[in-house]
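Colleague: My structure is stored as coords-v7.cif, with mmCIF, N, CA and C atoms and all ligand atoms.
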data_data
#
loop_
_atom_site.label_atom_id
_atom_site.label_comp_id
_atom_site.auth_asym_id
_atom_site.auth_seq_id
_atom_site.Cartn_x
_atom_site.Cartn_y
_atom_site.Cartn_z
N MET A 19 21.14 -6.18 -0.70
CA MET A 19 19.89 -6.22 -1.48
C MET A 19 18.93 -5.14 -0.97
N THR A 20 18.30 -4.46 -1.90
CA THR A 20 17.37 -3.39 -1.50
C THR A 20 16.12 -3.97 -0.84
N LYS A 21 15.79 -3.39 0.31
CA LYS A 21 14.57 -3.83 1.01
C LYS A 21 13.40 -2.93 0.61
N ILE A 22 12.25 -3.56 0.39
CA ILE A 22 11.01 -2.82 0.09
C ILE A 22 10.01 -3.10 1.21
N LEU A 23 9.42 -2.03 1.72
CA LEU A 23 8.40 -2.17 2.76
C LEU A 23 7.02 -2.14 2.11
N LEU A 24 6.26 -3.21 2.33
CA LEU A 24 4.88 -3.28 1.84
C LEU A 24 3.95 -3.09 3.04
N LEU A 25 3.22 -1.99 3.03
CA LEU A 25 2.34 -1.67 4.16
C LEU A 25 0.88 -1.71 3.75
N ASN A 26 0.08 -2.35 4.57
CA ASN A 26 -1.37 -2.35 4.37
C ASN A 26 -2.05 -1.84 5.63
N GLY A 27 -3.04 -0.97 5.43
CA GLY A 27 -3.72 -0.32 6.55
C GLY A 27 -4.98 -1.05 6.99
N PRO A 28 -5.84 -0.32 7.71
CA PRO A 28 -6.99 -0.90 8.38
C PRO A 28 -7.89 -1.76 7.50
N ASN A 29 -8.26 -2.89 8.05
CA ASN A 29 -9.24 -3.83 7.49
C ASN A 29 -8.72 -4.65 6.32
N LEU A 30 -7.51 -4.35 5.86
CA LEU A 30 -7.00 -5.13 4.72
C LEU A 30 -6.61 -6.54 5.14
N ASN A 31 -6.56 -6.81 6.44
CA ASN A 31 -6.40 -8.19 6.94
C ASN A 31 -7.64 -9.04 6.59
N LEU A 32 -8.75 -8.38 6.22
CA LEU A 32 -9.99 -9.12 5.88
C LEU A 32 -10.07 -9.49 4.40
N LEU A 33 -9.06 -9.12 3.65
CA LEU A 33 -9.07 -9.42 2.20
C LEU A 33 -9.40 -10.88 1.95
N GLY A 34 -10.26 -11.11 0.96
CA GLY A 34 -10.61 -12.48 0.58
C GLY A 34 -11.66 -13.11 1.47
N GLN A 35 -12.03 -12.42 2.54
CA GLN A 35 -13.00 -13.01 3.48
C GLN A 35 -14.38 -12.39 3.33
N ARG A 36 -14.42 -11.11 2.86
CA ARG A 36 -15.70 -10.42 2.67
C ARG A 36 -15.59 -9.51 1.46
N GLN A 37 -16.73 -9.08 0.93
CA GLN A 37 -16.81 -8.13 -0.20
C GLN A 37 -15.88 -8.50 -1.38
N PRO A 38 -15.92 -9.77 -1.84
CA PRO A 38 -15.05 -10.15 -2.97
C PRO A 38 -15.40 -9.39 -4.25
N GLU A 39 -16.65 -8.88 -4.34
CA GLU A 39 -17.05 -8.14 -5.54
C GLU A 39 -16.28 -6.82 -5.63
N ILE A 40 -15.78 -6.32 -4.52
CA ILE A 40 -15.00 -5.06 -4.53
C ILE A 40 -13.50 -5.37 -4.47
N TYR A 41 -13.12 -6.30 -3.58
CA TYR A 41 -11.69 -6.48 -3.29
C TYR A 41 -11.11 -7.80 -3.82
N GLY A 42 -11.93 -8.62 -4.48
CA GLY A 42 -11.43 -9.88 -5.03
C GLY A 42 -11.40 -10.98 -3.99
N SER A 43 -10.87 -12.13 -4.39
CA SER A 43 -10.93 -13.30 -3.50
C SER A 43 -9.56 -13.67 -2.92
N GLU A 44 -8.50 -12.97 -3.33
CA GLU A 44 -7.18 -13.26 -2.75
C GLU A 44 -7.13 -12.77 -1.31
N THR A 45 -6.50 -13.54 -0.45
CA THR A 45 -6.29 -13.08 0.92
C THR A 45 -5.03 -12.22 0.98
N LEU A 46 -4.84 -11.56 2.11
CA LEU A 46 -3.62 -10.75 2.26
C LEU A 46 -2.39 -11.65 2.25
N ASP A 47 -2.52 -12.84 2.83
CA ASP A 47 -1.39 -13.79 2.78
C ASP A 47 -1.05 -14.16 1.33
N ASP A 48 -2.09 -14.35 0.50
CA ASP A 48 -1.85 -14.64 -0.93
C ASP A 48 -1.10 -13.49 -1.59
N VAL A 49 -1.55 -12.27 -1.29
CA VAL A 49 -0.92 -11.08 -1.89
C VAL A 49 0.55 -11.01 -1.49
N ILE A 50 0.80 -11.24 -0.20
CA ILE A 50 2.18 -11.16 0.30
C ILE A 50 3.05 -12.26 -0.33
N ALA A 51 2.47 -13.45 -0.47
CA ALA A 51 3.22 -14.56 -1.09
C ALA A 51 3.57 -14.20 -2.54
N ASP A 52 2.59 -13.66 -3.29
CA ASP A 52 2.83 -13.27 -4.69
C ASP A 52 3.91 -12.18 -4.76
N CYS A 53 3.80 -11.21 -3.87
CA CYS A 53 4.77 -10.08 -3.87
C CYS A 53 6.16 -10.57 -3.49
N THR A 54 6.23 -11.52 -2.57
CA THR A 54 7.53 -12.07 -2.15
C THR A 54 8.20 -12.78 -3.33
N GLU A 55 7.39 -13.55 -4.08
CA GLU A 55 7.92 -14.24 -5.27
C GLU A 55 8.41 -13.23 -6.30
N LEU A 56 7.58 -12.22 -6.56
CA LEU A 56 7.97 -11.21 -7.55
C LEU A 56 9.24 -10.50 -7.12
N CYS A 57 9.34 -10.18 -5.84
CA CYS A 57 10.53 -9.48 -5.35
C CYS A 57 11.79 -10.31 -5.57
N LYS A 58 11.68 -11.62 -5.48
CA LYS A 58 12.86 -12.47 -5.72
C LYS A 58 13.36 -12.26 -7.15
N THR A 59 12.44 -12.17 -8.11
CA THR A 59 12.86 -11.98 -9.50
C THR A 59 13.35 -10.55 -9.74
N LEU A 60 12.87 -9.60 -8.94
CA LEU A 60 13.29 -8.20 -9.12
C LEU A 60 14.57 -7.88 -8.34
N GLY A 61 14.98 -8.82 -7.49
CA GLY A 61 16.18 -8.57 -6.68
C GLY A 61 15.93 -7.69 -5.46
N PHE A 62 14.69 -7.72 -4.97
CA PHE A 62 14.32 -7.00 -3.74
C PHE A 62 14.11 -7.98 -2.59
N GLU A 63 14.32 -7.48 -1.39
CA GLU A 63 13.90 -8.21 -0.19
C GLU A 63 12.61 -7.54 0.29
N LEU A 64 11.56 -8.32 0.52
CA LEU A 64 10.26 -7.74 0.90
C LEU A 64 10.00 -7.88 2.40
N GLU A 65 9.58 -6.76 3.00
CA GLU A 65 9.10 -6.80 4.38
C GLU A 65 7.65 -6.34 4.34
N ALA A 66 6.71 -7.21 4.72
CA ALA A 66 5.29 -6.91 4.61
C ALA A 66 4.64 -6.80 5.99
N LYS A 67 3.88 -5.71 6.19
CA LYS A 67 3.22 -5.50 7.48
C LYS A 67 1.82 -4.94 7.27
N GLN A 68 0.93 -5.29 8.17
CA GLN A 68 -0.44 -4.74 8.13
C GLN A 68 -0.84 -4.33 9.54
N SER A 69 -1.51 -3.19 9.63
CA SER A 69 -2.06 -2.81 10.93
C SER A 69 -3.37 -2.07 10.77
N ASN A 70 -4.21 -2.22 11.79
CA ASN A 70 -5.46 -1.45 11.85
C ASN A 70 -5.25 -0.13 12.59
N HIS A 71 -4.00 0.14 13.02
CA HIS A 71 -3.73 1.28 13.89
C HIS A 71 -2.82 2.31 13.21
N GLU A 72 -3.32 3.52 13.11
CA GLU A 72 -2.60 4.60 12.41
C GLU A 72 -1.19 4.82 12.97
N GLY A 73 -1.09 4.87 14.31
CA GLY A 73 0.20 5.17 14.93
C GLY A 73 1.25 4.11 14.63
N LEU A 74 0.82 2.87 14.55
CA LEU A 74 1.76 1.78 14.24
C LEU A 74 2.27 1.93 12.81
N LEU A 75 1.37 2.29 11.91
CA LEU A 75 1.79 2.51 10.51
C LEU A 75 2.81 3.65 10.45
N VAL A 76 2.55 4.72 11.22
CA VAL A 76 3.49 5.85 11.27
C VAL A 76 4.84 5.37 11.80
N ASP A 77 4.83 4.58 12.88
CA ASP A 77 6.09 4.04 13.44
C ASP A 77 6.86 3.25 12.38
N TRP A 78 6.16 2.41 11.65
CA TRP A 78 6.83 1.55 10.66
C TRP A 78 7.40 2.38 9.50
N ILE A 79 6.68 3.44 9.11
CA ILE A 79 7.20 4.32 8.05
C ILE A 79 8.46 5.03 8.56
N GLN A 80 8.43 5.47 9.81
CA GLN A 80 9.64 6.11 10.38
C GLN A 80 10.80 5.12 10.42
N ASP A 81 10.52 3.88 10.80
CA ASP A 81 11.58 2.85 10.89
C ASP A 81 12.20 2.56 9.52
N ALA A 82 11.43 2.80 8.47
CA ALA A 82 11.91 2.50 7.11
C ALA A 82 13.00 3.48 6.66
N ARG A 83 13.11 4.62 7.37
CA ARG A 83 14.14 5.61 7.00
C ARG A 83 15.52 5.00 7.19
N GLY A 84 16.29 5.02 6.13
CA GLY A 84 17.65 4.47 6.18
C GLY A 84 17.68 2.94 6.17
N ASP A 85 16.52 2.31 6.07
CA ASP A 85 16.45 0.85 6.11
C ASP A 85 15.85 0.27 4.83
N SER A 86 14.80 0.92 4.30
CA SER A 86 14.14 0.44 3.08
C SER A 86 14.41 1.40 1.93
N GLY A 87 14.52 0.84 0.73
CA GLY A 87 14.76 1.67 -0.46
C GLY A 87 13.49 2.30 -0.98
N GLY A 88 12.35 1.64 -0.75
CA GLY A 88 11.07 2.16 -1.24
C GLY A 88 9.92 1.58 -0.44
N ILE A 89 8.77 2.22 -0.57
CA ILE A 89 7.57 1.77 0.16
C ILE A 89 6.42 1.60 -0.83
N VAL A 90 5.72 0.46 -0.70
CA VAL A 90 4.43 0.27 -1.37
C VAL A 90 3.40 0.30 -0.25
N ILE A 91 2.43 1.21 -0.36
CA ILE A 91 1.46 1.35 0.73
C ILE A 91 0.03 1.41 0.21
N ASN A 92 -0.82 0.59 0.83
CA ASN A 92 -2.26 0.74 0.69
C ASN A 92 -2.74 1.17 2.07
N PRO A 93 -2.94 2.48 2.26
CA PRO A 93 -3.31 2.96 3.60
C PRO A 93 -4.76 2.68 3.97
N GLY A 94 -5.52 2.01 3.08
CA GLY A 94 -6.94 1.75 3.35
C GLY A 94 -7.67 3.06 3.57
N ALA A 95 -8.64 3.07 4.49
CA ALA A 95 -9.44 4.27 4.74
C ALA A 95 -8.61 5.44 5.25
N LEU A 96 -7.43 5.15 5.82
CA LEU A 96 -6.58 6.24 6.31
C LEU A 96 -6.04 7.11 5.18
N SER A 97 -6.09 6.60 3.94
CA SER A 97 -5.72 7.42 2.78
C SER A 97 -6.49 8.74 2.78
N HIS A 98 -7.76 8.63 3.18
CA HIS A 98 -8.68 9.76 3.03
C HIS A 98 -8.71 10.68 4.25
N THR A 99 -7.96 10.30 5.30
CA THR A 99 -8.06 11.06 6.56
C THR A 99 -6.72 11.42 7.19
N SER A 100 -5.65 10.71 6.86
CA SER A 100 -4.46 10.77 7.72
C SER A 100 -3.36 11.71 7.24
N VAL A 101 -3.27 12.86 7.91
CA VAL A 101 -2.13 13.76 7.68
C VAL A 101 -0.89 13.17 8.35
N ALA A 102 -1.08 12.38 9.41
CA ALA A 102 0.05 11.77 10.12
C ALA A 102 0.82 10.80 9.21
N ILE A 103 0.10 10.03 8.43
CA ILE A 103 0.78 9.11 7.50
C ILE A 103 1.46 9.92 6.40
N LEU A 104 0.82 10.96 5.91
CA LEU A 104 1.46 11.82 4.91
C LEU A 104 2.75 12.41 5.47
N ASP A 105 2.71 12.94 6.69
CA ASP A 105 3.91 13.55 7.30
C ASP A 105 5.03 12.52 7.43
N ALA A 106 4.68 11.32 7.85
CA ALA A 106 5.70 10.26 8.01
C ALA A 106 6.31 9.93 6.65
N LEU A 107 5.47 9.83 5.62
CA LEU A 107 5.99 9.52 4.28
C LEU A 107 6.86 10.66 3.75
N ASN A 108 6.52 11.89 4.12
CA ASN A 108 7.33 13.03 3.69
C ASN A 108 8.73 13.00 4.30
N ALA A 109 8.85 12.33 5.45
CA ALA A 109 10.17 12.22 6.10
C ALA A 109 10.97 11.03 5.57
N PHE A 110 10.34 10.22 4.72
CA PHE A 110 11.03 9.06 4.11
C PHE A 110 11.67 9.53 2.82
N GLU A 111 12.91 9.13 2.62
CA GLU A 111 13.68 9.68 1.49
C GLU A 111 13.44 8.98 0.14
N GLY A 112 12.95 7.73 0.16
CA GLY A 112 12.83 6.95 -1.07
C GLY A 112 11.48 7.10 -1.76
N PRO A 113 11.32 6.40 -2.91
CA PRO A 113 10.04 6.45 -3.63
C PRO A 113 8.92 5.70 -2.91
N VAL A 114 7.73 6.25 -3.07
CA VAL A 114 6.51 5.68 -2.44
C VAL A 114 5.50 5.39 -3.55
N MET A 115 4.96 4.19 -3.53
CA MET A 115 3.88 3.84 -4.47
C MET A 115 2.61 3.59 -3.66
N GLU A 116 1.54 4.26 -4.04
CA GLU A 116 0.24 4.10 -3.36
C GLU A 116 -0.62 3.13 -4.18
N VAL A 117 -1.17 2.15 -3.50
CA VAL A 117 -2.01 1.15 -4.18
C VAL A 117 -3.40 1.13 -3.56
N HIS A 118 -4.40 1.13 -4.42
CA HIS A 118 -5.77 0.84 -3.99
C HIS A 118 -6.30 -0.30 -4.85
N ILE A 119 -6.84 -1.29 -4.20
CA ILE A 119 -7.35 -2.46 -4.93
C ILE A 119 -8.54 -2.06 -5.79
N SER A 120 -9.42 -1.27 -5.21
CA SER A 120 -10.60 -0.81 -5.95
C SER A 120 -10.30 0.53 -6.62
N ASN A 121 -11.15 0.89 -7.58
CA ASN A 121 -11.03 2.20 -8.22
C ASN A 121 -11.74 3.22 -7.33
N ILE A 122 -10.95 3.90 -6.50
CA ILE A 122 -11.54 4.81 -5.51
C ILE A 122 -12.30 5.97 -6.18
N HIS A 123 -12.01 6.24 -7.44
CA HIS A 123 -12.67 7.35 -8.14
C HIS A 123 -14.05 6.98 -8.66
N ARG A 124 -14.34 5.69 -8.66
CA ARG A 124 -15.67 5.23 -9.09
C ARG A 124 -16.57 4.97 -7.89
N ARG A 125 -16.03 5.24 -6.69
CA ARG A 125 -16.78 4.93 -5.46
C ARG A 125 -17.28 6.24 -4.82
N GLU A 126 -17.63 6.18 -3.52
CA GLU A 126 -18.19 7.36 -2.86
C GLU A 126 -17.22 8.55 -2.96
N ARG A 127 -17.78 9.73 -2.93
CA ARG A 127 -16.99 10.95 -3.09
C ARG A 127 -15.87 11.07 -2.05
N PHE A 128 -16.15 10.64 -0.81
CA PHE A 128 -15.13 10.80 0.25
C PHE A 128 -13.90 9.95 -0.02
N ARG A 129 -13.99 9.00 -0.95
CA ARG A 129 -12.81 8.17 -1.27
C ARG A 129 -11.98 8.77 -2.41
N HIS A 130 -12.47 9.84 -3.02
CA HIS A 130 -11.78 10.37 -4.21
C HIS A 130 -10.49 11.09 -3.86
N HIS A 131 -10.39 11.60 -2.63
CA HIS A 131 -9.16 12.30 -2.22
C HIS A 131 -8.32 11.43 -1.29
N SER A 132 -7.03 11.38 -1.60
CA SER A 132 -6.09 10.68 -0.72
C SER A 132 -4.96 11.63 -0.36
N TYR A 133 -4.70 11.79 0.94
CA TYR A 133 -3.58 12.63 1.38
C TYR A 133 -2.25 12.09 0.87
N VAL A 134 -2.16 10.77 0.75
CA VAL A 134 -0.89 10.12 0.36
C VAL A 134 -0.54 10.42 -1.11
N SER A 135 -1.55 10.64 -1.94
CA SER A 135 -1.30 10.76 -3.39
C SER A 135 -0.38 11.92 -3.74
N GLY A 136 -0.42 13.00 -2.95
CA GLY A 136 0.44 14.15 -3.21
C GLY A 136 1.90 13.88 -2.91
N ARG A 137 2.18 12.81 -2.18
CA ARG A 137 3.55 12.43 -1.84
C ARG A 137 4.07 11.29 -2.72
N ALA A 138 3.14 10.46 -3.20
CA ALA A 138 3.54 9.23 -3.89
C ALA A 138 4.10 9.52 -5.28
N GLU A 139 5.11 8.76 -5.67
CA GLU A 139 5.63 8.84 -7.04
C GLU A 139 4.57 8.33 -8.02
N GLY A 140 3.78 7.34 -7.59
CA GLY A 140 2.74 6.79 -8.44
C GLY A 140 1.56 6.31 -7.63
N VAL A 141 0.39 6.31 -8.27
CA VAL A 141 -0.85 5.85 -7.63
C VAL A 141 -1.50 4.83 -8.54
N ILE A 142 -1.83 3.67 -7.99
CA ILE A 142 -2.48 2.61 -8.76
C ILE A 142 -3.82 2.32 -8.08
N ALA A 143 -4.89 2.37 -8.84
CA ALA A 143 -6.21 2.12 -8.27
C ALA A 143 -7.07 1.37 -9.27
N GLY A 144 -7.76 0.33 -8.79
CA GLY A 144 -8.73 -0.35 -9.63
C GLY A 144 -8.18 -1.52 -10.42
N PHE A 145 -6.96 -1.92 -10.13
CA PHE A 145 -6.37 -3.08 -10.82
C PHE A 145 -6.42 -4.33 -9.94
N GLY A 146 -7.28 -4.29 -8.92
CA GLY A 146 -7.35 -5.43 -8.01
C GLY A 146 -6.02 -5.61 -7.28
N THR A 147 -5.80 -6.82 -6.80
CA THR A 147 -4.55 -7.06 -6.06
C THR A 147 -3.33 -7.10 -6.99
N GLN A 148 -3.57 -7.17 -8.31
CA GLN A 148 -2.46 -7.07 -9.28
C GLN A 148 -1.70 -5.76 -9.12
N GLY A 149 -2.39 -4.75 -8.60
CA GLY A 149 -1.78 -3.42 -8.46
C GLY A 149 -0.50 -3.45 -7.62
N TYR A 150 -0.46 -4.35 -6.63
CA TYR A 150 0.75 -4.42 -5.78
C TYR A 150 1.96 -4.82 -6.63
N GLY A 151 1.75 -5.77 -7.54
CA GLY A 151 2.85 -6.22 -8.41
C GLY A 151 3.30 -5.10 -9.34
N PHE A 152 2.32 -4.35 -9.88
CA PHE A 152 2.67 -3.23 -10.76
C PHE A 152 3.51 -2.20 -9.99
N ALA A 153 3.13 -1.98 -8.75
CA ALA A 153 3.86 -1.00 -7.93
C ALA A 153 5.30 -1.45 -7.70
N LEU A 154 5.49 -2.74 -7.43
CA LEU A 154 6.85 -3.25 -7.22
C LEU A 154 7.68 -3.13 -8.49
N GLN A 155 7.05 -3.43 -9.63
CA GLN A 155 7.78 -3.32 -10.90
C GLN A 155 8.18 -1.87 -11.17
N ARG A 156 7.32 -0.95 -10.84
CA ARG A 156 7.64 0.47 -11.03
C ARG A 156 8.80 0.88 -10.10
N LEU A 157 8.79 0.35 -8.87
CA LEU A 157 9.90 0.67 -7.95
C LEU A 157 11.23 0.17 -8.50
N LYS A 158 11.18 -0.99 -9.16
CA LYS A 158 12.41 -1.53 -9.76
C LYS A 158 12.98 -0.51 -10.75
N THR A 159 12.13 0.07 -11.58
CA THR A 159 12.58 1.08 -12.55
C THR A 159 13.10 2.32 -11.84
N LEU A 160 12.34 2.78 -10.83
CA LEU A 160 12.72 4.02 -10.15
C LEU A 160 14.01 3.88 -9.37
N LEU A 161 14.29 2.68 -8.87
CA LEU A 161 15.49 2.47 -8.03
C LEU A 161 16.69 1.97 -8.83
N ALA A 162 16.50 1.77 -10.14
CA ALA A 162 17.61 1.22 -10.96
C ALA A 162 18.75 2.23 -11.06
O1 LIG B 201 -9.38 -0.03 -2.63
C1 LIG B 201 -8.62 -0.05 -1.68
O2 LIG B 201 -7.59 -0.73 -1.65
C2 LIG B 201 -8.94 0.76 -0.41
O3 LIG B 201 -7.73 1.32 0.07
C3 LIG B 201 -9.52 -0.22 0.58
C4 LIG B 201 -10.05 0.44 1.86
C5 LIG B 201 -10.96 1.61 1.53
O4 LIG B 201 -11.33 2.28 2.72
C6 LIG B 201 -10.30 2.59 0.58
O5 LIG B 201 -11.23 3.62 0.30
C7 LIG B 201 -9.90 1.91 -0.70
C8 LIG B 201 -10.83 -0.57 2.70
C9 LIG B 201 -10.13 -1.82 2.99
C10 LIG B 201 -11.13 -2.79 3.54
O6 LIG B 201 -10.76 -4.05 3.09
C11 LIG B 201 -11.67 -5.06 3.22
C12 LIG B 201 -11.41 -6.20 2.52
C13 LIG B 201 -12.29 -7.24 2.57
C14 LIG B 201 -13.42 -7.16 3.35
C15 LIG B 201 -13.68 -6.02 4.06
C16 LIG B 201 -12.80 -4.95 4.00
#
Represent the structure of the file as structure tokens.

Modeller:
Amino acid sequence: MTKILLLNGPNLNLLGQRQPEIYGSETLDDVIADCTELCKTLGFELEAKQSNHEGLLVDWIQDARGDSGGIVINPGALSHTSVAILDALNAFEGPVMEVHISNIHRRERFRHHSYVSGRAEGVIAGFGTQGYGFALQRLKTLLA
């Protein structure tokens, strides 16, 4: 069964606890539970991880080489700063879907650019936590 790595970056462990007007009321555990259910219907095995540390995210992306068929990643604020995450994703052979819960283009200017977007097969922003499900469905098509 194809494994999909779901990665969430800094502060996304706080989902559902603060700023619900921007990020909604679902917790990260809720998101992972929903994605796990969806993956069962799509025939994927889901591995979900979150870290506040850039280097750990880089390690996990490297570990996905030869192990996961695709990656869904919300790099959080590291989207806008991290060449290291971009480099790690460039070394991954499978499709990458970038997810942002909020519409980063309607927010501050510094959020409009993401280093990851130039590597990702697709970018989803502003669909709330539903975006993770859309990304998984797109991976199903890309990996068919
Ligand atoms: O919209 C997104 O998903 C973001 O990746 C979220 C990041 C932000 O820096 C990006 O520009 C856009 C921030 C994640 C912080 O998540 C929190 C959730 C609840 C409460 C506080 C922070």

Colleague: Hey, which residues come within 6.5 Å of ligand LIG 201 (chain B) if we count all atoms listed in the file? Could you give them as a PDB file with N, CA and C atoms, keeping the file's coordinate frame?

Modeller:
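What ended up in result.pdb:
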ATOM      1  N   PRO A  28      -5.840  -0.320   7.710  1.00  0.00           N
ATOM      2  CA  PRO A  28      -6.990  -0.900   8.380  1.00  0.00           C
ATOM      3  C   PRO A  28      -7.890  -1.760   7.500  1.00  0.00           C
ATOM      4  N   ASN A  29      -8.260  -2.890   8.050  1.00  0.00           N
ATOM      5  CA  ASN A  29      -9.240  -3.830   7.490  1.00  0.00           C
ATOM      6  C   ASN A  29      -8.720  -4.650   6.320  1.00  0.00           C
ATOM      7  N   LEU A  30      -7.510  -4.350   5.860  1.00  0.00           N
ATOM      8  CA  LEU A  30      -7.000  -5.130   4.720  1.00  0.00           C
ATOM      9  C   LEU A  30      -6.610  -6.540   5.140  1.00  0.00           C
ATOM     10  N   ASN A  31      -6.560  -6.810   6.440  1.00  0.00           N
ATOM     11  CA  ASN A  31      -6.400  -8.190   6.940  1.00  0.00           C
ATOM     12  C   ASN A  31      -7.640  -9.040   6.590  1.00  0.00           C
ATOM     13  N   LEU A  32      -8.750  -8.380   6.220  1.00  0.00           N
ATOM     14  CA  LEU A  32      -9.990  -9.120   5.880  1.00  0.00           C
ATOM     15  C   LEU A  32     -10.070  -9.490   4.400  1.00  0.00           C
ATOM     16  N   LEU A  33      -9.060  -9.120   3.650  1.00  0.00           N
ATOM     17  CA  LEU A  33      -9.070  -9.420   2.200  1.00  0.00           C
ATOM     18  C   LEU A  33      -9.400 -10.880   1.950  1.00  0.00           C
ATOM     19  N   GLY A  34     -10.260 -11.110   0.960  1.00  0.00           N
ATOM     20  CA  GLY A  34     -10.610 -12.480   0.580  1.00  0.00           C
ATOM     21  C   GLY A  34     -11.660 -13.110   1.470  1.00  0.00           C
ATOM     22  N   GLN A  35     -12.030 -12.420   2.540  1.00  0.00           N
ATOM     23  CA  GLN A  35     -13.000 -13.010   3.480  1.00  0.00           C
ATOM     24  C   GLN A  35     -14.380 -12.390   3.330  1.00  0.00           C
ATOM     25  N   ARG A  36     -14.420 -11.110   2.860  1.00  0.00           N
ATOM     26  CA  ARG A  36     -15.700 -10.420   2.670  1.00  0.00           C
ATOM     27  C   ARG A  36     -15.590  -9.510   1.460  1.00  0.00           C
ATOM     28  N   GLN A  37     -16.730  -9.080   0.930  1.00  0.00           N
ATOM     29  CA  GLN A  37     -16.810  -8.130  -0.200  1.00  0.00           C
ATOM     30  C   GLN A  37     -15.880  -8.500  -1.380  1.00  0.00           C
ATOM     31  N   PRO A  38     -15.920  -9.770  -1.840  1.00  0.00           N
ATOM     32  CA  PRO A  38     -15.050 -10.150  -2.970  1.00  0.00           C
ATOM     33  C   PRO A  38     -15.400  -9.390  -4.250  1.00  0.00           C
ATOM     34  N   TYR A  41     -13.120  -6.300  -3.580  1.00  0.00           N
ATOM     35  CA  TYR A  41     -11.690  -6.480  -3.290  1.00  0.00           C
ATOM     36  C   TYR A  41     -11.110  -7.800  -3.820  1.00  0.00           C
ATOM     37  N   ASN A  92      -0.820   0.590   0.830  1.00  0.00           N
ATOM     38  CA  ASN A  92      -2.260   0.740   0.690  1.00  0.00           C
ATOM     39  C   ASN A  92      -2.740   1.170   2.070  1.00  0.00           C
ATOM     40  N   PRO A  93      -2.940   2.480   2.260  1.00  0.00           N
ATOM     41  CA  PRO A  93      -3.310   2.960   3.600  1.00  0.00           C
ATOM     42  C   PRO A  93      -4.760   2.680   3.970  1.00  0.00           C
ATOM     43  N   GLY A  94      -5.520   2.010   3.080  1.00  0.00           N
ATOM     44  CA  GLY A  94      -6.940   1.750   3.350  1.00  0.00           C
ATOM     45  C   GLY A  94      -7.670   3.060   3.570  1.00  0.00           C
ATOM     46  N   ALA A  95      -8.640   3.070   4.490  1.00  0.00           N
ATOM     47  CA  ALA A  95      -9.440   4.270   4.740  1.00  0.00           C
ATOM     48  C   ALA A  95      -8.610   5.440   5.250  1.00  0.00           C
ATOM     49  N   LEU A  96      -7.430   5.150   5.820  1.00  0.00           N
ATOM     50  CA  LEU A  96      -6.580   6.240   6.310  1.00  0.00           C
ATOM     51  C   LEU A  96      -6.040   7.110   5.180  1.00  0.00           C
ATOM     52  N   VAL A 117      -1.170   2.150  -3.500  1.00  0.00           N
ATOM     53  CA  VAL A 117      -2.010   1.150  -4.180  1.00  0.00           C
ATOM     54  C   VAL A 117      -3.400   1.130  -3.560  1.00  0.00           C
ATOM     55  N   HIS A 118      -4.400   1.130  -4.420  1.00  0.00           N
ATOM     56  CA  HIS A 118      -5.770   0.840  -3.990  1.00  0.00           C
ATOM     57  C   HIS A 118      -6.300  -0.300  -4.850  1.00  0.00           C
ATOM     58  N   ILE A 119      -6.840  -1.290  -4.200  1.00  0.00           N
ATOM     59  CA  ILE A 119      -7.350  -2.460  -4.930  1.00  0.00           C
ATOM     60  C   ILE A 119      -8.540  -2.060  -5.790  1.00  0.00           C
ATOM     61  N   SER A 120      -9.420  -1.270  -5.210  1.00  0.00           N
ATOM     62  CA  SER A 120     -10.600  -0.810  -5.950  1.00  0.00           C
ATOM     63  C   SER A 120     -10.300   0.530  -6.620  1.00  0.00           C
ATOM     64  N   ASN A 121     -11.150   0.890  -7.580  1.00  0.00           N
ATOM     65  CA  ASN A 121     -11.030   2.200  -8.220  1.00  0.00           C
ATOM     66  C   ASN A 121     -11.740   3.220  -7.330  1.00  0.00           C
ATOM     67  N   ILE A 122     -10.950   3.900  -6.500  1.00  0.00           N
ATOM     68  CA  ILE A 122     -11.540   4.810  -5.510  1.00  0.00           C
ATOM     69  C   ILE A 122     -12.300   5.970  -6.180  1.00  0.00           C
ATOM     70  N   ARG A 129     -13.990   9.000  -0.950  1.00  0.00           N
ATOM     71  CA  ARG A 129     -12.810   8.170  -1.270  1.00  0.00           C
ATOM     72  C   ARG A 129     -11.980   8.770  -2.410  1.00  0.00           C
ATOM     73  N   GLY A 144      -7.760   0.330  -8.790  1.00  0.00           N
ATOM     74  CA  GLY A 144      -8.730  -0.350  -9.630  1.00  0.00           C
ATOM     75  C   GLY A 144      -8.180  -1.520 -10.420  1.00  0.00           C
TER      76      GLY A 144
END

Colleague: Counting only C-alpha atoms, select every polymer residue within 12 Å of (3.0, 1.7, -7.8) as defined in the file's coordinates, and provide the selection as a ChimeraX atom specification.

Modeller: /A:24,88-92,113-119,135,138-143,145,147-160

Colleague: Between atom CA of A:Gly61 and atom CA of A:Asp47, what distance in Å does the model show, to one decimal?

Modeller: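 Answer for the atom CA of A:Gly61 to atom CA of A:Asp47 separation: 20.6 Å.
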
Colleague: What is the distance, in Å and to one decimal place, between atom N of A:Asp52 and atom CA of A:Ile40?

Modeller: 19.6 Å

Colleague: Within stretch 26-104 of chain A, find each residue whose DSSP state, derived from the backbone, is alpha helix (DSSP H), and express the selection as a count of residues only.

Modeller: 33

Colleague: Which of these residues is nearest to A:Gln80, using only C-alpha atoms: A:Glu63, A:Glu111, A:Glu55, A:Glu44?

Modeller: A:Glu111

Colleague: From the options A:Gly27, A:Gly146, A:Gly136, A:Gly42, which residue's atoms come nearest to A:Leu104, counting only C-alpha atoms?

Modeller: A:Gly136

Colleague: For atom C of A:Glu126 and atom CA of A:His98, determine how far apart the two atoms are, in Å to one decimal place.

Modeller: 10.5 Å

Colleague: Given 6 Å of margin on each side, can you work out the centre and size in Å (one decimal) of an axis-aligned box holding every listed atom of stretch 61-77 of chain A, as AutoDock Vina command-line options?

Modeller:
--center_x 5.4 --center_y -1.5 --center_z 3.7 --size_x 33.6 --size_y 26.7 --size_z 34.4

Colleague: If you run DSSP over the backbone, which residues in chain A end up strand (DSSP E)? Put them as a PyMOL selection string.

Modeller: chain A and resi 20-26+62-68+88-92+114-118+140-143
